[in-house]
Amino acid sequence: KPKNLFSKEERIAIADRALNVILDFEPLISGKQAAIMNSAFAIYDRLTGRRSRNRDSRELLPNDRHPDTLWHSMEMIYRHRAMNQPLVLNQCIDAWESFLGLTTFQTPGSHFLRPEEYWVDNSRYTLHKSGGEAIFAGGLIWIQNWDSHDFRISSSRTVLFMALSSYLAESTNDPGFLYYAITSATCIETNMLDTRTGLVKHCHINGMNGQLKWDGNLSCHLTGIFIEGLSVLATVSGDYTWRSLAIATAESAMKLREWHDTDGVLSVLSSGSELFKSDGVNATRGLLSRGLMVAYQRNTSDKAFRSLVRSYINTQFNALIDLASRDDTYSVSWNGPYIGPYFHGQLAALDTLIAAIAVNR
């Protein structure tokens, strides 16, 4: 159902109760899932004007370059936007800076590098891509074996780094953050989008030979973060190209048949034992709603696009309420039947429930 018959107060209350329920699962939640959960609290607070849910972020940030640090850094930027606290912003910047050595870039003080040569952690590498020039600047790597120079440019880390850089550029007006946001967005657009759908591939690029390894899966949550980051980048840069890419990506995601049931509800993206895995793709697919919400908020003049997003979010929201809920808990399967309660089902629902507050009057 593309229309929402709940008042704003009712929608706020529904999201509030869902957030309260997930706190019962908090001892089971850590790492990336904890960051996604806490981000939802901060976004809810910003939308509703509440402040009581924001906790001390200093205890939440892992060590430098920890696999979950980028997720927690995104959480911190949401907290800063909700609370406007310089300490939180500075901690987020510190975390961002720890990843600079893991980005590929071309000019560390020298203007004589060839286009296919890049620096990572002050070491120069040559990347090759069959059939043409390699364009990997702005990619964020994860290290397989640093001693043997075995590193890979990761789509998941690069998308998160781009979104974080975009928010930091907006929060600080520092052109350095904007440079990295643009460079990473270009890397993603050039190397990590599926040519058929325009959506983000869950993939990595071998850092030594430039070969892309893709398991064939399109990433729902990375696509959501990509839409979000592009929407912020378009606002900061004033470049309509990024806005157009964000809208095109969003429209493709909302219409992709493989991701949706026949009634337009975002379907379970994997089945079997995956339904019960807390780290599975189903636990994070609500991030598509988060990205669409941000795109909606930042495209105030495009009435057709905003109408499409509103109808899409309402369709997911109504399915959650009508088919996938029981006593303010939510199933991982939005089209039913109800399975639960499991915290990853609750986690997946949060962003759609919160987005419904933002996209309706």
# chains A, B, ... in the order shown; residues from 1 in each chain; ligands from 1
>>> residues_around(residues="Thr158 in chain A", least_positions_apart="3", cutoff="7 Å", atoms="only C-alpha atoms", output="ChimeraX atom specification")
/A:139-140,154-155,161-162,184
>>> write_last_selection(atoms="C-alpha atoms", output="CSV table (one decimal), in the first residue's frame")
chain,number,residue,atom,x,y,z
A,139,GLY,CA,39.3,3.4,-3.4
A,140,LEU,CA,39.7,2.2,0.2
A,154,SER,CA,36.8,-2.9,-1.2
A,155,SER,CA,33.5,-1.6,-2.4
A,161,PHE,CA,34.4,6.3,3.2
A,162,MET,CA,32.7,8.3,0.5
A,184,SER,CA,35.8,8.0,-3.9
>>> select_by_dssp(residues="range 172-333 of chain A", states="helix (DSSP H, G or I)", output="ChimeraX atom specification")
/A:172,175-191,220-237,240-255,257-259,272-276,281-284,287-297,303-323
>>> closest_residue(among="A:Asn38, A:Ser289, A:Thr195, A:Thr172", to="Leu89 in chain A", atoms="only C-alpha atoms")
A:Thr172
>>> closest_residue(among="A:Ala295, A:Ala40, A:Ile12, A:Leu28", to="Phe343 in chain A", atoms="only C-alpha atoms")
A:Leu28
>>> residues_around(residues="Ile225 in chain A", least_positions_apart="5", cutoff="9 Å", atoms="only C-alpha atoms", output="VMD selection string")
chain A and resid 159 to 160 163 220 230 287 to 288 290 to 291
>>> closest_residue(among="A:Gln91, A:Leu164, A:Arg310, A:Phe177", to="Arg361 in chain A", atoms="only C-alpha atoms")
A:Arg310
>>> atom_distance(atom1="CA of Met37 in chain A", atom2="CA of Arg81 in chain A")
16.0 Å
>>> atom_distance(atom1="CA of Ile14 in chain A", atom2="CA of Met254 in chain A")
23.7 Å
